[in-house]
file start-v7.tsv (TSV, N, CA and C atoms and all ligand atoms)
chain	number	residue	atom	x	y	z
A	1	MET	N	18.07	-9.46	-4.32
A	1	MET	CA	17.19	-10.33	-3.50
A	1	MET	C	16.72	-11.51	-4.35
A	2	ASN	N	16.92	-12.69	-3.86
A	2	ASN	CA	16.51	-13.88	-4.60
A	2	ASN	C	15.19	-14.44	-4.09
A	3	ARG	N	14.15	-14.14	-4.84
A	3	ARG	CA	12.84	-14.58	-4.43
A	3	ARG	C	12.08	-14.93	-5.70
A	4	VAL	N	11.22	-15.91	-5.58
A	4	VAL	CA	10.40	-16.28	-6.72
A	4	VAL	C	9.00	-15.74	-6.47
A	5	CYS	N	8.40	-15.13	-7.48
A	5	CYS	CA	7.05	-14.61	-7.32
A	5	CYS	C	6.07	-15.76	-7.04
A	6	ASN	N	5.36	-15.67	-5.94
A	6	ASN	CA	4.40	-16.72	-5.58
A	6	ASN	C	3.23	-16.77	-6.55
A	7	PHE	N	3.02	-15.65	-7.20
A	7	PHE	CA	1.85	-15.50	-8.05
A	7	PHE	C	2.08	-16.11	-9.43
A	8	CYS	N	3.22	-15.77	-10.07
A	8	CYS	CA	3.45	-16.21	-11.45
A	8	CYS	C	4.71	-17.06	-11.61
A	9	GLY	N	5.53	-17.17	-10.56
A	9	GLY	CA	6.72	-18.01	-10.65
A	9	GLY	C	7.94	-17.34	-11.26
A	10	ASN	N	7.78	-16.09	-11.68
A	10	ASN	CA	8.90	-15.34	-12.25
A	10	ASN	C	10.00	-15.15	-11.20
A	11	LYS	N	11.26	-15.16	-11.66
A	11	LYS	CA	12.36	-15.05	-10.70
A	11	LYS	C	12.95	-13.64	-10.62
A	12	ASN	N	12.47	-12.73	-11.46
A	12	ASN	CA	12.99	-11.36	-11.43
A	12	ASN	C	12.09	-10.45	-10.60
A	13	VAL	N	12.52	-10.28	-9.37
A	13	VAL	CA	11.77	-9.46	-8.43
A	13	VAL	C	12.72	-8.36	-7.96
A	14	SER	N	12.28	-7.10	-8.08
A	14	SER	CA	13.20	-6.02	-7.71
A	14	SER	C	12.71	-5.21	-6.51
A	15	SER	N	13.66	-4.69	-5.75
A	15	SER	CA	13.33	-3.88	-4.58
A	15	SER	C	12.92	-2.48	-5.02
A	16	LYS	N	11.85	-1.99	-4.43
A	16	LYS	CA	11.34	-0.67	-4.79
A	16	LYS	C	10.78	0.03	-3.58
A	17	LEU	N	10.62	1.35	-3.72
A	17	LEU	CA	9.86	2.11	-2.73
A	17	LEU	C	8.58	2.56	-3.43
A	18	VAL	N	7.45	2.21	-2.85
A	18	VAL	CA	6.17	2.48	-3.53
A	18	VAL	C	5.18	3.16	-2.59
A	19	GLN	N	4.09	3.63	-3.20
A	19	GLN	CA	3.02	4.22	-2.42
A	19	GLN	C	2.05	3.10	-2.01
A	20	TYR	N	1.75	3.03	-0.73
A	20	TYR	CA	0.86	1.99	-0.22
A	20	TYR	C	-0.42	2.64	0.29
A	21	VAL	N	-1.56	2.12	-0.16
A	21	VAL	CA	-2.83	2.66	0.31
A	21	VAL	C	-3.48	1.64	1.23
A	22	TYR	N	-3.61	2.01	2.50
A	22	TYR	CA	-4.26	1.14	3.47
A	22	TYR	C	-5.71	1.57	3.56
A	23	LYS	N	-6.62	0.61	3.42
A	23	LYS	CA	-8.05	0.92	3.44
A	23	LYS	C	-8.73	0.08	4.52
A	24	HIS	N	-9.58	0.74	5.28
A	24	HIS	CA	-10.30	0.03	6.32
A	24	HIS	C	-11.63	0.76	6.55
A	25	ASP	N	-12.76	0.08	6.38
A	25	ASP	CA	-14.08	0.70	6.54
A	25	ASP	C	-14.23	2.01	5.78
A	26	ASP	N	-13.81	2.02	4.52
A	26	ASP	CA	-13.91	3.23	3.68
A	26	ASP	C	-13.09	4.41	4.18
A	27	ARG	N	-12.13	4.14	5.01
A	27	ARG	CA	-11.19	5.18	5.41
A	27	ARG	C	-9.82	4.77	4.87
A	28	PHE	N	-9.05	5.76	4.48
A	28	PHE	CA	-7.81	5.48	3.78
A	28	PHE	C	-6.61	6.13	4.46
A	29	LEU	N	-5.50	5.45	4.35
A	29	LEU	CA	-4.23	6.06	4.72
A	29	LEU	C	-3.25	5.78	3.59
A	30	VAL	N	-2.67	6.85	3.07
A	30	VAL	CA	-1.68	6.73	2.01
A	30	VAL	C	-0.30	6.87	2.65
A	31	VAL	N	0.56	5.89	2.40
A	31	VAL	CA	1.92	5.95	2.94
A	31	VAL	C	2.89	5.90	1.76
A	32	ASN	N	3.72	6.91	1.65
A	32	ASN	CA	4.68	6.98	0.54
A	32	ASN	C	5.99	6.29	0.89
A	33	ASN	N	6.66	5.83	-0.15
A	33	ASN	CA	8.01	5.26	-0.04
A	33	ASN	C	8.10	4.06	0.91
A	34	VAL	N	7.14	3.15	0.73
A	34	VAL	CA	7.17	1.91	1.52
A	34	VAL	C	8.02	0.89	0.76
A	35	PRO	N	9.00	0.28	1.43
A	35	PRO	CA	9.83	-0.71	0.72
A	35	PRO	C	9.04	-1.97	0.37
A	36	CYS	N	9.24	-2.46	-0.83
A	36	CYS	CA	8.62	-3.73	-1.22
A	36	CYS	C	9.50	-4.39	-2.26
A	37	GLU	N	9.13	-5.63	-2.59
A	37	GLU	CA	9.75	-6.30	-3.71
A	37	GLU	C	8.64	-6.51	-4.73
A	38	GLU	N	8.91	-6.08	-5.96
A	38	GLU	CA	7.89	-6.13	-6.99
A	38	GLU	C	8.31	-7.08	-8.10
A	39	CYS	N	7.39	-7.96	-8.47
A	39	CYS	CA	7.64	-8.90	-9.58
A	39	CYS	C	7.73	-8.11	-10.87
A	40	GLU	N	8.79	-8.32	-11.63
A	40	GLU	CA	8.97	-7.56	-12.87
A	40	GLU	C	8.06	-8.06	-13.98
A	41	TYR	N	7.47	-9.23	-13.77
A	41	TYR	CA	6.59	-9.77	-14.81
A	41	TYR	C	5.13	-9.41	-14.55
A	42	CYS	N	4.60	-9.77	-13.39
A	42	CYS	CA	3.16	-9.57	-13.15
A	42	CYS	C	2.87	-8.36	-12.27
A	43	GLY	N	3.90	-7.77	-11.67
A	43	GLY	CA	3.68	-6.57	-10.87
A	43	GLY	C	3.23	-6.84	-9.44
A	44	GLU	N	3.09	-8.11	-9.07
A	44	GLU	CA	2.72	-8.43	-7.69
A	44	GLU	C	3.75	-7.84	-6.73
A	45	ARG	N	3.27	-7.27	-5.63
A	45	ARG	CA	4.16	-6.63	-4.68
A	45	ARG	C	4.19	-7.40	-3.37
A	46	TYR	N	5.39	-7.52	-2.84
A	46	TYR	CA	5.57	-8.23	-1.57
A	46	TYR	C	6.11	-7.26	-0.52
A	47	PHE	N	5.37	-7.13	0.56
A	47	PHE	CA	5.77	-6.25	1.65
A	47	PHE	C	6.16	-7.10	2.84
A	48	ARG	N	6.99	-6.51	3.70
A	48	ARG	CA	7.32	-7.22	4.94
A	48	ARG	C	6.15	-7.07	5.91
A	49	ALA	N	5.81	-8.16	6.57
A	49	ALA	CA	4.69	-8.16	7.52
A	49	ALA	C	4.89	-7.08	8.58
A	50	HIS	N	6.12	-6.90	9.00
A	50	HIS	CA	6.45	-5.90	10.02
A	50	HIS	C	6.10	-4.50	9.53
A	51	ASP	N	6.38	-4.21	8.27
A	51	ASP	CA	6.08	-2.90	7.70
A	51	ASP	C	4.56	-2.67	7.61
A	52	LEU	N	3.84	-3.71	7.21
A	52	LEU	CA	2.38	-3.59	7.12
A	52	LEU	C	1.76	-3.37	8.49
A	53	LYS	N	2.32	-4.00	9.49
A	53	LYS	CA	1.86	-3.81	10.87
A	53	LYS	C	2.05	-2.35	11.31
A	54	ARG	N	3.19	-1.79	10.94
A	54	ARG	CA	3.46	-0.39	11.29
A	54	ARG	C	2.46	0.55	10.62
A	55	ILE	N	2.12	0.26	9.36
A	55	ILE	CA	1.15	1.08	8.64
A	55	ILE	C	-0.23	0.97	9.29
A	56	GLU	N	-0.61	-0.25	9.62
A	56	GLU	CA	-1.90	-0.48	10.27
A	56	GLU	C	-1.97	0.25	11.61
A	57	LYS	N	-0.90	0.19	12.35
A	57	LYS	CA	-0.83	0.85	13.64
A	57	LYS	C	-0.95	2.38	13.50
A	58	ASP	N	-0.30	2.91	12.47
A	58	ASP	CA	-0.36	4.34	12.20
A	58	ASP	C	-1.78	4.76	11.80
A	59	PHE	N	-2.44	3.91	11.01
A	59	PHE	CA	-3.83	4.17	10.60
A	59	PHE	C	-4.71	4.36	11.83
A	60	PHE	N	-4.61	3.45	12.78
A	60	PHE	CA	-5.44	3.53	13.98
A	60	PHE	C	-5.02	4.69	14.88
A	61	ALA	N	-3.73	5.00	14.88
A	61	ALA	CA	-3.26	6.16	15.66
A	61	ALA	C	-3.91	7.43	15.12
A	62	ILE	N	-4.02	7.53	13.81
A	62	ILE	CA	-4.58	8.73	13.18
A	62	ILE	C	-6.10	8.78	13.35
A	63	TYR	N	-6.78	7.68	13.01
A	63	TYR	CA	-8.24	7.71	13.00
A	63	TYR	C	-8.87	7.53	14.38
A	64	GLU	N	-8.18	6.88	15.27
A	64	GLU	CA	-8.82	6.61	16.56
A	64	GLU	C	-8.15	7.31	17.73
A	65	HIS	N	-6.93	7.77	17.55
A	65	HIS	CA	-6.24	8.39	18.67
A	65	HIS	C	-5.78	9.81	18.37
A	66	GLY	N	-6.28	10.36	17.25
A	66	GLY	CA	-6.04	11.76	16.95
A	66	GLY	C	-4.64	12.13	16.56
A	67	LYS	N	-3.83	11.15	16.17
A	67	LYS	CA	-2.49	11.50	15.68
A	67	LYS	C	-2.61	12.36	14.42
A	68	LYS	N	-1.74	13.35	14.30
A	68	LYS	CA	-1.77	14.23	13.14
A	68	LYS	C	-0.85	13.64	12.06
A	69	ALA	N	-1.41	13.39	10.89
A	69	ALA	CA	-0.61	12.85	9.79
A	69	ALA	C	0.32	13.93	9.23
A	70	ALA	N	1.35	13.50	8.52
A	70	ALA	CA	2.31	14.44	7.95
A	70	ALA	C	1.62	15.45	7.05
A	71	ARG	N	0.67	14.98	6.24
A	71	ARG	CA	-0.16	15.90	5.46
A	71	ARG	C	-1.42	15.18	5.04
A	72	LYS	N	-2.38	15.94	4.48
A	72	LYS	CA	-3.65	15.35	4.04
A	72	LYS	C	-3.90	15.73	2.59
A	73	ILE	N	-4.59	14.84	1.87
A	73	ILE	CA	-5.01	15.14	0.51
A	73	ILE	C	-6.51	14.91	0.43
A	74	SER	N	-7.18	15.55	-0.52
A	74	SER	CA	-8.59	15.22	-0.72
A	74	SER	C	-8.70	14.39	-1.99
A	75	VAL	N	-9.59	13.41	-1.96
A	75	VAL	CA	-9.67	12.44	-3.04
A	75	VAL	C	-11.07	12.48	-3.66
A	76	PRO	N	-11.18	12.71	-4.97
A	76	PRO	CA	-12.50	12.68	-5.62
A	76	PRO	C	-13.09	11.27	-5.58
A	77	VAL	N	-14.41	11.17	-5.45
A	77	VAL	CA	-15.09	9.88	-5.41
A	77	VAL	C	-16.19	9.87	-6.46
A	78	GLU	N	-16.26	8.81	-7.22
A	78	GLU	CA	-17.29	8.66	-8.25
A	78	GLU	C	-17.99	7.32	-8.12
A	79	GLU	N	-19.25	7.25	-8.63
A	79	GLU	CA	-19.94	5.97	-8.81
A	79	GLU	C	-19.72	5.55	-10.25
A	80	PHE	N	-19.32	4.31	-10.44
A	80	PHE	CA	-18.97	3.86	-11.79
A	80	PHE	C	-20.14	4.02	-12.77
A	81	VAL	N	-21.38	3.70	-12.34
A	81	VAL	CA	-22.54	3.77	-13.24
A	81	VAL	C	-22.82	5.20	-13.71
A	82	GLU	N	-22.31	6.17	-12.98
A	82	GLU	CA	-22.55	7.57	-13.35
A	82	GLU	C	-21.47	8.13	-14.28
A	83	LEU	N	-20.47	7.32	-14.58
A	83	LEU	CA	-19.40	7.81	-15.45
A	83	LEU	C	-19.88	7.87	-16.89
A	84	SER	N	-19.47	8.90	-17.61
A	84	SER	CA	-19.91	9.00	-19.02
A	84	SER	C	-18.96	8.21	-19.91
A	101	ZN	ZN	4.86	-12.38	-10.67

call {"tool": "encode", "arguments": {"input": "start-v7.tsv", "output": "C-alpha cells"}}
result
Amino acid sequence: MNRVCNFCGNKNVSSKLVQYVYKHDDRFLVVNNVPCEECEYCGERYFRAHDLKRIEKDFFAIYEHGKKAARKISVPVEEFVELS
C-alpha cells in the first residue's frame, strides 16, 4: 500500500490487524483484529472510515440494543494520583 503518513510524512506504512478500543461516555468496546495501516516510524494508525462505522454501530447494538458480544473481559481501573 502506497500511502504517506499524514502525521510524520514517513512513506513506510504497513498493513496490520490490531486491537481497537472504542470509547464512548466511559463505556468501552474492544474489537480484535481490525485492519489498519500503521506508520512504521511514528506508529500512527489509519483505519477505514467504513470499518470505524461498523465498530461504532456494534457498540450501540451492544450497549443500547442488548446485543450479546462475543465475550467480555473485566478491566481494572485506577486513579493516577493513588498510584505508588
Ligand atoms: Zn508517521

call {"tool": "residues_around", "arguments": {"input": "start-v7.tsv", "residues": "A:Asn33", "least_positions_apart": "4", "cutoff": "5 Å", "atoms": "all atoms listed in the file", "output": "JSON, numbers by chain"}}
result
{"A": [17, 18, 19]}

call {"tool": "residues_around", "arguments": {"input": "start-v7.tsv", "residues": "A:Cys8", "least_positions_apart": "6", "cutoff": "8 Å", "atoms": "only N, CA and C atoms", "output": "ChimeraX atom specification"}}
result
/A:41-42,44

call {"tool": "residues_near_ligand", "arguments": {"input": "start-v7.tsv", "ligand": "ligand ZN 101 (chain A)", "cutoff": "12 Å", "atoms": "only C-alpha atoms and all ligand atoms", "output": "list in words"}}
result
Arg3, Val4, Cys5, Asn6, Phe7, Cys8, Gly9, Asn10, Lys11, Asn12, Val13, Ser14, Glu37, Glu38, Cys39, Glu40, Tyr41, Cys42, Gly43, Glu44, Arg45 and Tyr46 of chain A

call {"tool": "atom_distance", "arguments": {"input": "start-v7.tsv", "atom1": "atom CA of A:Lys68", "atom2": "atom CA of A:Arg48"}}
result
24.7 Å

call {"tool": "closest_residue", "arguments": {"input": "start-v7.tsv", "among": "A:Tyr20, A:Tyr63, A:Ala70, A:Pro76", "to": "A:Asp51", "atoms": "only C-alpha atoms"}}
result
A:Tyr20

call {"tool": "atom_distance", "arguments": {"input": "start-v7.tsv", "atom1": "atom C of A:Lys16", "atom2": "atom C of A:His50"}}
result
14.6 Å

call {"tool": "select_by_dssp", "arguments": {"input": "start-v7.tsv", "residues": "stretch 10-71 of chain A", "states": "strand (DSSP E or B)", "output": "ChimeraX atom specification"}}
result
/A:13-24,27-39,45-46

call {"tool": "atom_distance", "arguments": {"input": "start-v7.tsv", "atom1": "atom CA of A:Val75", "atom2": "atom CA of A:Val31"}}
result
14.6 Å

call {"tool": "select_by_dssp", "arguments": {"input": "start-v7.tsv", "residues": "chain A", "states": "helix (DSSP H, G or I)", "output": "PyMOL selection string"}}
result
chain A and resi 49-65+80-82

call {"tool": "axis_aligned_box", "arguments": {"input": "start-v7.tsv", "around": "stretch 36-50 of chain A", "padding_each_side": "5 Å", "output": "JSON"}}
result
{"center_x": 6.2, "center_y": -6.1, "center_z": -2.4, "size_x": 17.0, "size_y": 17.3, "size_z": 34.8}

call {"tool": "closest_residue", "arguments": {"input": "start-v7.tsv", "among": "A:Phe80, A:Ser15, A:Glu56, A:Phe47", "to": "A:Leu29", "atoms": "only C-alpha atoms"}}
result
A:Glu56

call {"tool": "residues_around", "arguments": {"input": "start-v7.tsv", "residues": "A:Ala69", "least_positions_apart": "5", "cutoff": "10 Å", "atoms": "only C-alpha atoms", "output": "number ranges by chain"}}
result
A: 29-30, 58-59, 61-63
